[in-house]
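Undergrad: Below is the structure I would like to discuss, written out as structure tokens.
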Amino acid sequence: MNHEQVLVSETYQPGFPGSFLPGYCPKNIVRKRVRSPLDFKRAWADMVPVIEDFGPQLVLISAGFDAHADDPLGSVRLDDSDYVDLAHKIKKISPITVAFLEGGYSDEATARCAALFMKTLCKD
């Protein structure tokens with residue numbers, strides 16, 4: 001099935017399947033495997049222009065905080081500021097953004113980063 005009005009962009013760590021919507025939009029997926037904070041930053045630097053060119057009217061975020069350094073399952077090792085930086089980038093893409101909490105297995109890091117992420121998205 002191909003929905004040309006939908007673009008899926010995602011980063012994922014090795015060991016995961018790489019798509020939260022397998023087969024949903026095969027022509028419209030921008031996917032990057034990341035292993036480190038530097039990979040994460042480079043991946044989003046590459047993906048944001050693609051998303052901007054797509055011109056979304058709405059951005060839906062499956063917000064996973066399991067890439068944080070304090071997360072017991074993650075291996076990417078992001079810190080709080082990485083999530084704030086990503087929120088700044090996403091905020092510039094679309095006037096309407098909705099985020100859903102998707103993952104994160106450190107109660108403290110997930111709560112802290114989710115709050116920072118949402119505060120950043122909601123700032124004028």
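Scheme for the structure tokens: letters A, B, ... for chains in order shown; per-chain residue numbers from 1; ligand numbers from 1 in order shown.
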Taking the DSSP assignment computed from this structure's backbone, write out as a PyMOL selection string all residues of chain A that belong to strand (DSSP E).
TA: chain A and resi 8-12+29-33+59-64+97-103
Undergrad: Write out as number ranges by chain which residues come within 8 Å of Ala63 (chain A) when counting only C-alpha atoms, dropping same-chain ones fewer than 4 positions away.
TA: A: 99-103
Undergrad: Ranking A:Asp39, A:Glu4, A:Glu52, A:Asp71 by minimum distance to Asp107 (chain A) and counting only C-alpha atoms, which one comes first?
TA: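 Between A:Asp39, A:Glu4, A:Glu52, A:Asp71, the residue approaching Asp107 (chain A) most closely is A:Asp71.
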Undergrad: Expressed in Å to a single decimal, how great is the separation between CA of Thr120 (chain A) and CA of Thr97 (chain A)?
TA: 11.8 Å
Undergrad: Please provide the set of residues having any atom within 12 Å of His88 (chain A), restricted to only C-alpha atoms, with same-chain residues fewer than 5 positions apart removed, written as an mmCIF file with N, CA and C atoms, in the first residue's frame.
TA:
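Result saved to selection-v4.cif:
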```cif
data_model
loop_
_atom_site.group_PDB
_atom_site.id
_atom_site.type_symbol
_atom_site.label_atom_id
_atom_site.label_comp_id
_atom_site.auth_asym_id
_atom_site.auth_seq_id
_atom_site.Cartn_x
_atom_site.Cartn_y
_atom_site.Cartn_z
ATOM 1 N N TRP A 44 19.297 13.116 11.490
ATOM 2 C CA TRP A 44 18.257 14.135 11.462
ATOM 3 C C TRP A 44 18.664 15.342 10.608
ATOM 4 N N VAL A 48 15.688 16.125 7.979
ATOM 5 C CA VAL A 48 14.855 17.330 8.111
ATOM 6 C C VAL A 48 14.621 18.017 6.764
ATOM 7 N N SER A 81 19.895 17.257 25.991
ATOM 8 C CA SER A 81 19.988 18.324 24.989
ATOM 9 C C SER A 81 19.747 17.823 23.567
ATOM 10 N N ASP A 82 20.030 16.557 23.297
ATOM 11 C CA ASP A 82 19.765 16.005 21.962
ATOM 12 C C ASP A 82 18.269 16.019 21.652
ATOM 13 N N TYR A 83 17.454 15.729 22.650
ATOM 14 C CA TYR A 83 15.998 15.752 22.451
ATOM 15 C C TYR A 83 15.478 17.181 22.291
ATOM 16 N N ILE A 93 9.120 22.664 11.160
ATOM 17 C CA ILE A 93 8.627 21.951 9.981
ATOM 18 C C ILE A 93 7.149 22.177 9.720
ATOM 19 N N SER A 94 6.321 22.162 10.753
ATOM 20 C CA SER A 94 4.878 22.230 10.573
ATOM 21 C C SER A 94 4.242 23.032 11.702
ATOM 22 N N THR A 97 1.767 19.965 15.325
ATOM 23 C CA THR A 97 2.573 18.811 15.705
ATOM 24 C C THR A 97 1.893 18.106 16.866
ATOM 25 N N LEU A 116 11.008 18.186 28.635
ATOM 26 C CA LEU A 116 11.837 19.136 27.877
ATOM 27 C C LEU A 116 11.419 19.195 26.410
ATOM 28 N N PHE A 117 11.167 18.040 25.835
ATOM 29 C CA PHE A 117 10.770 17.945 24.432
ATOM 30 C C PHE A 117 9.457 18.717 24.200
ATOM 31 N N MET A 118 8.468 18.469 25.069
ATOM 32 C CA MET A 118 7.170 19.122 24.897
ATOM 33 C C MET A 118 7.257 20.627 25.173
ATOM 34 N N LYS A 119 8.010 21.027 26.186
ATOM 35 C CA LYS A 119 8.178 22.455 26.455
ATOM 36 C C LYS A 119 8.791 23.153 25.248
ATOM 37 N N THR A 120 9.747 22.516 24.623
ATOM 38 C CA THR A 120 10.411 23.088 23.450
ATOM 39 C C THR A 120 9.422 23.193 22.283
ATOM 40 N N LEU A 121 8.643 22.152 22.061
ATOM 41 C CA LEU A 121 7.661 22.184 20.973
ATOM 42 C C LEU A 121 6.605 23.264 21.193
ATOM 43 N N CYS A 122 6.261 23.520 22.447
ATOM 44 C CA CYS A 122 5.157 24.449 22.748
ATOM 45 C C CYS A 122 5.582 25.906 22.928
ATOM 46 N N LYS A 123 6.890 26.160 22.971
ATOM 47 C CA LYS A 123 7.360 27.547 23.113
ATOM 48 C C LYS A 123 7.016 28.352 21.869
ATOM 49 N N ASP A 124 6.647 29.614 22.108
ATOM 50 C CA ASP A 124 6.380 30.522 20.978
ATOM 51 C C ASP A 124 7.655 31.002 20.355
#
```
Undergrad: In Å, with one decimal, what is the gap from CA of Asp46 (chain A) to CA of Val6 (chain A)?
TA: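 The value is 18.3 Å.
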Undergrad: If we count only C-alpha atoms and set the cut-off at 9 Å, which residues sit around Leu7 (chain A), ignoring sequence neighbours fewer than 3 positions away in its own chain? Please answer as a PyMOL selection string.
TA: chain A and resi 3-4+25+27-30+51+54+56
Undergrad: Take the residues from that selection and write them out as a PDB file, in the first residue's frame, keeping N, CA, C and O atoms.
TA:
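part-v5.pdb, freshly written:
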```pdb
ATOM      1  N   HIS A   3       0.752   5.470   0.223  1.00  0.00           N
ATOM      2  CA  HIS A   3      -0.004   6.692   0.470  1.00  0.00           C
ATOM      3  C   HIS A   3       0.942   7.855   0.203  1.00  0.00           C
ATOM      4  O   HIS A   3       1.785   8.173   1.042  1.00  0.00           O
ATOM      5  N   GLU A   4       0.804   8.476  -0.950  1.00  0.00           N
ATOM      6  CA  GLU A   4       1.743   9.524  -1.347  1.00  0.00           C
ATOM      7  C   GLU A   4       1.640  10.775  -0.490  1.00  0.00           C
ATOM      8  O   GLU A   4       2.516  11.620  -0.536  1.00  0.00           O
ATOM      9  N   CYS A  25       3.955   2.492   3.932  1.00  0.00           N
ATOM     10  CA  CYS A  25       4.259   3.478   2.896  1.00  0.00           C
ATOM     11  C   CYS A  25       5.629   3.184   2.313  1.00  0.00           C
ATOM     12  O   CYS A  25       6.571   3.911   2.585  1.00  0.00           O
ATOM     13  N   LYS A  27       7.195   3.620  -0.418  1.00  0.00           N
ATOM     14  CA  LYS A  27       7.908   4.621  -1.207  1.00  0.00           C
ATOM     15  C   LYS A  27       8.173   5.885  -0.407  1.00  0.00           C
ATOM     16  O   LYS A  27       8.915   6.739  -0.853  1.00  0.00           O
ATOM     17  N   ASN A  28       7.573   6.000   0.750  1.00  0.00           N
ATOM     18  CA  ASN A  28       7.642   7.249   1.492  1.00  0.00           C
ATOM     19  C   ASN A  28       8.219   7.057   2.893  1.00  0.00           C
ATOM     20  O   ASN A  28       7.698   7.583   3.855  1.00  0.00           O
ATOM     21  N   ILE A  29       9.312   6.318   2.983  1.00  0.00           N
ATOM     22  CA  ILE A  29       9.968   6.130   4.270  1.00  0.00           C
ATOM     23  C   ILE A  29      11.400   6.657   4.179  1.00  0.00           C
ATOM     24  O   ILE A  29      12.139   6.297   3.276  1.00  0.00           O
ATOM     25  N   VAL A  30      11.741   7.530   5.117  1.00  0.00           N
ATOM     26  CA  VAL A  30      13.108   8.000   5.271  1.00  0.00           C
ATOM     27  C   VAL A  30      13.578   7.393   6.580  1.00  0.00           C
ATOM     28  O   VAL A  30      13.083   7.742   7.648  1.00  0.00           O
ATOM     29  N   ILE A  51      11.941  16.136   4.927  1.00  0.00           N
ATOM     30  CA  ILE A  51      10.624  16.371   5.522  1.00  0.00           C
ATOM     31  C   ILE A  51      10.122  17.757   5.146  1.00  0.00           C
ATOM     32  O   ILE A  51       8.956  17.931   4.778  1.00  0.00           O
ATOM     33  N   PHE A  54       8.867  17.844   1.669  1.00  0.00           N
ATOM     34  CA  PHE A  54       7.583  17.156   1.579  1.00  0.00           C
ATOM     35  C   PHE A  54       6.442  18.117   1.924  1.00  0.00           C
ATOM     36  O   PHE A  54       5.348  17.996   1.395  1.00  0.00           O
ATOM     37  N   PRO A  56       4.771  18.912   5.069  1.00  0.00           N
ATOM     38  CA  PRO A  56       3.632  18.374   5.810  1.00  0.00           C
ATOM     39  C   PRO A  56       2.752  19.461   6.425  1.00  0.00           C
ATOM     40  O   PRO A  56       3.249  20.504   6.860  1.00  0.00           O
TER      41      PRO A  56
END
```
Undergrad: Need to verify the contact set: Tyr12 (chain A), 12 Å, only C-alpha atoms, exclusion of same-chain residues closer than 4 positions in sequence. Can you return it as a PyMOL selection string?
TA: chain A and resi 16-20+30-37+39-40+43-44+62-67+74-76+103
Undergrad: What does the distance from CA of Asp85 (chain A) to CA of Glu108 (chain A) come to in Å, to one decimal?
TA: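 Distance between the two atoms: 19.3 Å.
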